[in-house]
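Below is coords34.txt, which holds compact mmCIF, C-alpha atoms.
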# COMPACT_ATOMS: atom_id res chain seq x y z
CA MET J 1 0.00 0.00 0.00
CA ALA J 2 2.74 2.40 1.08
CA GLU J 3 4.74 1.32 -1.91
CA ALA J 4 1.85 2.08 -4.25
CA LYS J 5 1.45 5.51 -2.68
CA ALA J 6 5.14 6.27 -3.09
CA ARG J 7 4.92 5.28 -6.74
CA GLU J 8 1.91 7.57 -7.16
CA LEU J 9 3.84 10.52 -5.71
CA HIS J 10 6.87 9.97 -7.89
CA ARG J 11 4.96 9.40 -11.10
CA ILE J 12 6.84 10.94 -13.99
CA GLU J 13 4.85 13.01 -16.48
CA ARG J 14 5.32 10.88 -19.56
CA PRO J 15 3.79 11.70 -22.93
CA LEU J 16 0.48 9.96 -23.46
CA SER J 17 -0.64 8.46 -26.73
CA PRO J 18 -3.56 10.35 -28.27
CA HIS J 19 -6.98 9.05 -27.34
CA LEU J 20 -10.46 9.17 -28.88
CA GLN J 21 -11.02 12.93 -28.60
CA ILE J 22 -7.95 13.65 -30.74
CA TYR J 23 -9.06 11.78 -33.85
CA SER J 24 -11.76 12.91 -36.23
CA PRO J 25 -14.23 10.05 -36.48
CA LEU J 26 -13.61 7.56 -39.27
CA ILE J 27 -16.31 5.18 -40.42
CA ASN J 28 -14.46 2.03 -39.31
CA MET J 29 -13.86 3.54 -35.88
CA VAL J 30 -17.50 4.56 -35.52
CA MET J 31 -18.66 1.10 -36.65
CA SER J 32 -16.31 -0.52 -34.14
CA ILE J 33 -17.78 1.54 -31.31
CA ILE J 34 -21.36 0.91 -32.45
CA HIS J 35 -20.62 -2.81 -32.70
CA ARG J 36 -19.72 -2.87 -29.03
CA ILE J 37 -22.64 -0.65 -27.98
CA THR J 38 -25.17 -2.76 -29.90
CA GLY J 39 -23.63 -5.88 -28.39
CA ALA J 40 -24.11 -4.51 -24.87
CA ALA J 41 -27.65 -3.34 -25.69
CA LEU J 42 -28.55 -6.79 -27.02
CA TYR J 43 -27.10 -8.29 -23.84
CA PHE J 44 -29.49 -6.35 -21.60
CA GLY J 45 -32.34 -6.63 -24.10
CA THR J 46 -32.40 -10.40 -23.59
CA VAL J 47 -34.21 -9.67 -20.30
CA LEU J 48 -37.22 -8.37 -22.26
CA LEU J 49 -37.29 -11.29 -24.70
CA THR J 50 -36.96 -13.77 -21.84
CA TRP J 51 -39.77 -12.01 -19.99
CA TRP J 52 -41.92 -12.41 -23.11
CA LEU J 53 -41.12 -16.14 -23.32
CA LEU J 54 -41.80 -16.66 -19.60
CA ALA J 55 -45.07 -14.77 -19.89
CA ALA J 56 -46.13 -17.02 -22.76
CA ALA J 57 -45.27 -20.06 -20.65
CA ALA J 58 -47.05 -18.69 -17.57
CA GLY J 59 -50.48 -18.44 -19.18
CA PRO J 60 -52.90 -16.15 -21.02
CA GLU J 61 -53.15 -13.41 -18.34
CA HIS J 62 -49.38 -12.97 -18.01
CA PHE J 63 -49.03 -13.11 -21.76
CA ALA J 64 -51.67 -10.39 -22.15
CA THR J 65 -49.63 -8.14 -19.82
CA ALA J 66 -46.44 -8.68 -21.84
CA SER J 67 -48.34 -8.22 -25.11
CA ARG J 68 -49.72 -4.91 -23.90
CA PHE J 69 -46.21 -3.68 -23.21
CA PHE J 70 -44.78 -4.84 -26.54
CA GLY J 71 -47.82 -3.50 -28.38
CA SER J 72 -47.48 -0.04 -26.79
CA LEU J 73 -45.57 2.80 -28.39
CA ILE J 74 -42.63 2.30 -26.02
CA GLY J 75 -42.67 -1.45 -26.58
CA GLN J 76 -42.77 -1.10 -30.36
CA THR J 77 -39.95 1.46 -30.26
CA VAL J 78 -37.85 -0.86 -28.12
CA LEU J 79 -38.54 -3.77 -30.49
CA PHE J 80 -37.66 -1.63 -33.49
CA GLY J 81 -34.39 -0.57 -31.83
CA TYR J 82 -33.68 -4.15 -30.82
CA THR J 83 -34.23 -5.36 -34.38
CA TRP J 84 -31.82 -2.73 -35.69
CA ALA J 85 -29.21 -3.50 -33.02
CA LEU J 86 -29.45 -7.22 -33.79
CA ILE J 87 -29.14 -6.78 -37.55
CA HIS J 88 -26.36 -4.22 -37.18
CA HIS J 89 -24.38 -6.41 -34.82
CA ALA J 90 -24.91 -9.40 -37.16
CA LEU J 91 -23.67 -7.48 -40.22
CA GLY J 92 -20.73 -6.14 -38.22
CA GLY J 93 -20.04 -9.72 -37.20
CA ILE J 94 -19.94 -10.81 -40.85
CA ARG J 95 -17.41 -8.01 -41.49
CA HIS J 96 -15.26 -9.30 -38.64
CA LEU J 97 -15.51 -12.88 -39.90
CA ILE J 98 -14.27 -11.67 -43.31
CA TRP J 99 -11.39 -9.84 -41.59
CA ASP J 100 -10.63 -13.04 -39.66
CA THR J 101 -9.71 -14.70 -42.95
CA GLY J 102 -7.08 -12.01 -43.50
CA ARG J 103 -9.01 -10.40 -46.36
CA GLY J 104 -10.43 -6.89 -46.72
CA PHE J 105 -7.82 -4.86 -44.85
CA ASP J 106 -7.09 -2.37 -47.63
CA LEU J 107 -8.68 1.02 -46.94
CA ARG J 108 -11.13 0.82 -49.82
CA SER J 109 -12.53 -2.54 -48.65
CA VAL J 110 -12.64 -1.34 -45.05
CA ASP J 111 -14.67 1.74 -46.05
CA ILE J 112 -17.01 -0.24 -48.30
CA MET J 113 -17.68 -2.89 -45.64
CA CYS J 114 -18.18 -0.33 -42.86
CA TRP J 115 -20.57 1.83 -44.87
CA GLY J 116 -22.25 -1.38 -46.01
CA THR J 117 -22.83 -2.34 -42.37
CA ILE J 118 -24.70 0.83 -41.44
CA ILE J 119 -26.55 1.22 -44.75
CA GLY J 120 -27.43 -2.48 -44.75
CA SER J 121 -28.65 -2.54 -41.16
CA VAL J 122 -30.87 0.53 -41.54
CA THR J 123 -32.27 -0.67 -44.88
CA LEU J 124 -32.98 -4.20 -43.67
CA THR J 125 -34.58 -2.99 -40.43
CA VAL J 126 -36.86 -0.51 -42.20
CA ALA J 127 -37.79 -3.10 -44.86
CA LEU J 128 -38.52 -5.71 -42.20
CA TRP J 129 -40.77 -3.37 -40.21
CA ALA J 130 -42.49 -2.10 -43.34
CA GLY J 131 -43.29 -5.75 -44.07
CA ILE J 132 -44.59 -6.35 -40.56
CA ILE J 133 -46.78 -3.25 -40.63
CA ALA J 134 -48.09 -4.18 -44.08
CA LEU J 135 -48.92 -7.70 -42.86
CA ARG J 136 -50.72 -6.22 -39.87
CA GLY J 137 -52.74 -4.08 -42.25
CA GLY J 138 -51.38 -0.66 -41.28
CA LEU J 139 -50.18 0.93 -38.07
CA MET Z 1 20.61 -7.74 -37.71
CA ALA Z 2 17.49 -8.76 -35.90
CA MET Z 3 17.30 -7.47 -32.34
CA ARG Z 4 14.34 -9.63 -31.41
CA THR Z 5 14.43 -12.50 -29.00
CA PRO Z 6 12.21 -15.57 -29.20
CA LEU Z 7 10.34 -14.16 -26.18
CA LYS Z 8 8.13 -12.14 -28.53
CA ASP Z 9 6.34 -15.35 -29.48
CA VAL Z 10 3.52 -16.82 -27.44
CA ARG Z 11 4.52 -20.27 -26.34
CA ARG Z 12 2.02 -23.12 -26.11
CA LEU Z 13 -1.29 -21.85 -24.69
CA GLY Z 14 0.04 -18.47 -23.51
CA SER Z 15 0.01 -17.01 -20.01
CA ALA Z 16 -3.73 -17.41 -19.54
CA LYS Z 17 -3.39 -21.10 -20.54
CA GLU Z 18 -6.38 -20.79 -22.84
CA GLY Z 19 -4.76 -20.34 -26.23
CA THR Z 20 -7.27 -19.20 -28.83
CA ASP Z 21 -10.20 -20.75 -26.96
CA HIS Z 22 -12.01 -17.46 -26.28
CA PHE Z 23 -11.46 -16.20 -29.84
CA TRP Z 24 -12.63 -19.44 -31.39
CA ARG Z 25 -15.70 -19.80 -29.17
CA GLN Z 26 -16.75 -16.26 -30.09
CA ARG Z 27 -16.50 -17.19 -33.79
CA VAL Z 28 -18.32 -20.52 -33.52
CA THR Z 29 -21.22 -18.98 -31.58
CA SER Z 30 -21.40 -16.04 -33.99
CA VAL Z 31 -21.64 -18.33 -37.03
CA ALA Z 32 -24.33 -20.37 -35.28
CA ALA Z 33 -26.22 -17.18 -34.40
CA LEU Z 34 -25.95 -15.93 -37.99
CA LEU Z 35 -27.40 -19.19 -39.32
CA LEU Z 36 -30.30 -19.02 -36.84
CA LEU Z 37 -30.87 -15.26 -37.14
CA PRO Z 38 -33.46 -15.23 -39.99
CA PHE Z 39 -35.49 -17.80 -38.11
CA ALA Z 40 -35.18 -15.94 -34.78
CA LEU Z 41 -36.20 -12.61 -36.33
CA TRP Z 42 -39.17 -14.24 -38.03
CA ILE Z 43 -40.38 -16.03 -34.90
CA VAL Z 44 -40.20 -13.00 -32.61
CA LEU Z 45 -41.66 -10.50 -35.04
CA ALA Z 46 -44.39 -12.89 -36.22
CA LEU Z 47 -45.47 -13.72 -32.68
CA VAL Z 48 -45.27 -10.35 -30.94
CA GLY Z 49 -48.83 -9.14 -30.87
CA ALA Z 50 -50.26 -12.47 -32.06
CA ASP Z 51 -53.05 -14.32 -30.23
CA TYR Z 52 -52.03 -16.37 -27.23
CA ASP Z 53 -53.14 -19.65 -28.80
CA VAL Z 54 -51.07 -19.00 -31.92
CA VAL Z 55 -48.01 -18.17 -29.80
CA ARG Z 56 -48.43 -21.24 -27.61
CA ARG Z 57 -48.93 -23.58 -30.54
CA THR Z 58 -46.04 -22.11 -32.54
CA LEU Z 59 -43.53 -22.21 -29.68
CA GLY Z 60 -44.86 -25.66 -28.78
CA ASN Z 61 -43.99 -27.00 -32.21
CA PRO Z 62 -40.94 -29.28 -31.70
CA VAL Z 63 -38.98 -27.89 -34.66
CA VAL Z 64 -39.58 -24.28 -33.57
CA ALA Z 65 -38.81 -25.15 -29.93
CA VAL Z 66 -35.49 -26.82 -30.78
CA LEU Z 67 -34.42 -23.92 -33.02
CA VAL Z 68 -35.36 -21.35 -30.35
CA LEU Z 69 -33.41 -23.38 -27.76
CA LEU Z 70 -30.37 -23.45 -30.07
CA PHE Z 71 -30.63 -19.70 -30.60
CA ILE Z 72 -30.84 -19.10 -26.85
CA LEU Z 73 -27.83 -21.36 -26.24
CA THR Z 74 -25.56 -19.77 -28.83
CA SER Z 75 -26.66 -16.21 -27.97
CA ILE Z 76 -26.03 -16.68 -24.26
CA MET Z 77 -22.56 -18.15 -24.79
CA HIS Z 78 -21.73 -15.39 -27.28
CA MET Z 79 -22.98 -12.52 -25.13
CA ARG Z 80 -21.32 -13.87 -22.00
CA ILE Z 81 -17.82 -13.89 -23.46
CA GLY Z 82 -18.53 -10.63 -25.29
CA MET Z 83 -19.47 -8.84 -22.06
CA GLN Z 84 -16.44 -10.45 -20.41
CA VAL Z 85 -14.18 -8.56 -22.83
CA ILE Z 86 -16.03 -5.28 -22.23
CA ILE Z 87 -15.57 -5.68 -18.46
CA GLU Z 88 -11.89 -6.60 -18.84
CA ASP Z 89 -11.37 -3.54 -21.04
CA TYR Z 90 -13.01 -0.91 -18.85
CA VAL Z 91 -12.94 -2.10 -15.24
CA GLN Z 92 -9.50 -1.66 -13.82
CA ALA Z 93 -9.96 -2.32 -10.09
CA GLU Z 94 -9.28 -6.01 -9.52
CA GLY Z 95 -12.07 -6.59 -6.98
CA ALA Z 96 -14.76 -4.88 -9.03
CA LYS Z 97 -13.57 -6.67 -12.14
CA ILE Z 98 -13.82 -10.12 -10.56
CA ALA Z 99 -17.23 -9.30 -9.08
CA LEU Z 100 -18.55 -8.06 -12.45
CA LEU Z 101 -17.14 -11.07 -14.30
CA MET Z 102 -19.00 -13.33 -11.87
CA LEU Z 103 -22.20 -11.28 -12.21
CA ASN Z 104 -21.84 -11.55 -15.98
CA THR Z 105 -21.84 -15.34 -15.77
CA PHE Z 106 -24.73 -15.38 -13.29
CA PHE Z 107 -26.81 -13.03 -15.46
CA SER Z 108 -26.14 -14.97 -18.67
CA VAL Z 109 -26.92 -18.36 -17.15
CA LEU Z 110 -30.04 -17.02 -15.43
CA VAL Z 111 -31.44 -15.42 -18.58
CA GLY Z 112 -30.54 -18.45 -20.69
CA LEU Z 113 -32.05 -21.01 -18.31
CA ALA Z 114 -35.20 -18.94 -17.78
CA GLY Z 115 -35.72 -18.65 -21.53
CA ALA Z 116 -35.04 -22.36 -22.09
CA PHE Z 117 -37.37 -23.26 -19.23
CA ALA Z 118 -40.16 -21.20 -20.79
CA VAL Z 119 -39.73 -22.84 -24.20
CA LEU Z 120 -39.60 -26.35 -22.69
CA ARG Z 121 -42.66 -25.69 -20.55
CA LEU Z 122 -44.58 -24.50 -23.60
CA SER Z 123 -43.58 -27.44 -25.76
CA PHE Z 124 -44.05 -30.14 -23.14
CA GLY Z 125 -47.43 -28.70 -22.24
CA VAL Z 126 -48.81 -28.85 -25.78
CA ALA Z 127 -50.08 -31.95 -27.51
CA ILE Z 128 -48.82 -32.04 -31.09
Write out the structure in this file as structure tokens.
Amino acid sequence: MAEAKARELHRIERPLSPHLQIYSPLINMVMSIIHRITGAALYFGTVLLTWWLLAAAAGPEHFATASRFFGSLIGQTVLFGYTWALIHHALGGIRHLIWDTGRGFDLRSVDIMCWGTIIGSVTLTVALWAGIIALRGGL
Amino acid sequence: MAMRTPLKDVRRLGSAKEGTDHFWRQRVTSVAALLLLPFALWIVLALVGADYDVVRRTLGNPVVAVLVLLFILTSIMHMRIGMQVIIEDYVQAEGAKIALLMLNTFFSVLVGLAGAFAVLRLSFGVAI
């Protein structure tokens, strides 16, 4: 403890390597950050999906409660966001699997794949929900 | 003249004694999740807002139940080791880190088992 304190007092001011706030955002860097954020969001979102499954298993009354939540504006917004996060994380995962093979590290490929991730995830999510709303017969 | 020593190379399974286990498990579970993803999206979005009887019968279908169970299994394994890396990256204090890593495992197993229990209860409770 005393040793750690002594080290703290005698810390030499060394140059630090630049961190996030120094760089202007590049698409691959933004996609990397979003990949992690969507991953964490999906992690906590599993609570909602598990609640829905448990409610279905518990019987009609419990299921009605869960359905009311998921049918509400908040519930639908959460589901929409969850769908996007899932698709985005999946597309980002495909990008990483391609990188794992050692391919696609030239800047052009990196940019194409990263823009493809965000454009693809937004397009697929909107198309999917347009389909769902159409099947439902409107909002 | 090379100034490097052989110490730059990882020997055998490395200091954590796990080799590429974590890396490989993340990849296997991600490929499994990708294969199951169209099905999982369809099942959730088709059933949210559907009548209770439809939901019960669909999730009670053995093929659907097994695929949902597989998706739960691969997702839980994937998210557990994913969150493990996030914790290891950002939590520096040793005590807090160990506590959070444990909580991560508890949370993942709890959510996974609860989901699997619900699916099994639905499918065992329904006559085909």
Residues within 8 Å of range 101-112 of chain Z, all atoms listed in the file, excluding chain neighbours under 5 positions, as a PyMOL selection string: (chain J and resi 46-47+50) or (chain Z and resi 72-73+76-77+79-80+83-84+87)
9 Å contact set for range 13-24 of chain Z, only C-alpha atoms, chain neighbours under 4 positions out, as JSON, numbers by chain: {"Z": [28, 29, 81]}
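Any residue of chain J with an atom no more than 7 Å from chain Z counts as a contact; using all atoms listed in the file, that gives Ala40, Tyr43, Val47, Thr50, Leu53, Leu54, Ala56, Ala57, Pro60, Ser67, Gly71 and Ala90 of chain J.
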Output the selection as a PDB file, in the frame of the given file - C-alpha atoms for each residue.
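Here's the written file selection.pdb:
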ATOM      1  CA  ALA J  40     -24.110  -4.510 -24.870  1.00  0.00           C
ATOM      2  CA  TYR J  43     -27.100  -8.290 -23.840  1.00  0.00           C
ATOM      3  CA  VAL J  47     -34.210  -9.670 -20.300  1.00  0.00           C
ATOM      4  CA  THR J  50     -36.960 -13.770 -21.840  1.00  0.00           C
ATOM      5  CA  LEU J  53     -41.120 -16.140 -23.320  1.00  0.00           C
ATOM      6  CA  LEU J  54     -41.800 -16.660 -19.600  1.00  0.00           C
ATOM      7  CA  ALA J  56     -46.130 -17.020 -22.760  1.00  0.00           C
ATOM      8  CA  ALA J  57     -45.270 -20.060 -20.650  1.00  0.00           C
ATOM      9  CA  PRO J  60     -52.900 -16.150 -21.020  1.00  0.00           C
ATOM     10  CA  SER J  67     -48.340  -8.220 -25.110  1.00  0.00           C
ATOM     11  CA  GLY J  71     -47.820  -3.500 -28.380  1.00  0.00           C
ATOM     12  CA  ALA J  90     -24.910  -9.400 -37.160  1.00  0.00           C
TER      13      ALA J  90
END
Å distance separating CA of Arg36 in chain J from CA of Thr74 in chain Z, one decimal place: 17.9 Å
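Among the candidates J:His35, J:Ala134, J:Phe63, J:Thr123, the residue lying nearest to Ile94 in chain J is J:His35 (atoms considered: all atoms listed in the file).
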Sphere at (-22.9, -0.5, -38.9), radius 8 Å, counting all atoms listed in the file: residues as a ChimeraX atom specification: /J:31,34-35,88-89,91-92,114-121
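CA of Leu35 in chain Z is found 24.2 Å from CA of Ser109 in chain J.
CA of Met113 in chain J is positioned 15.0 Å from CA of Ile33 in chain J.
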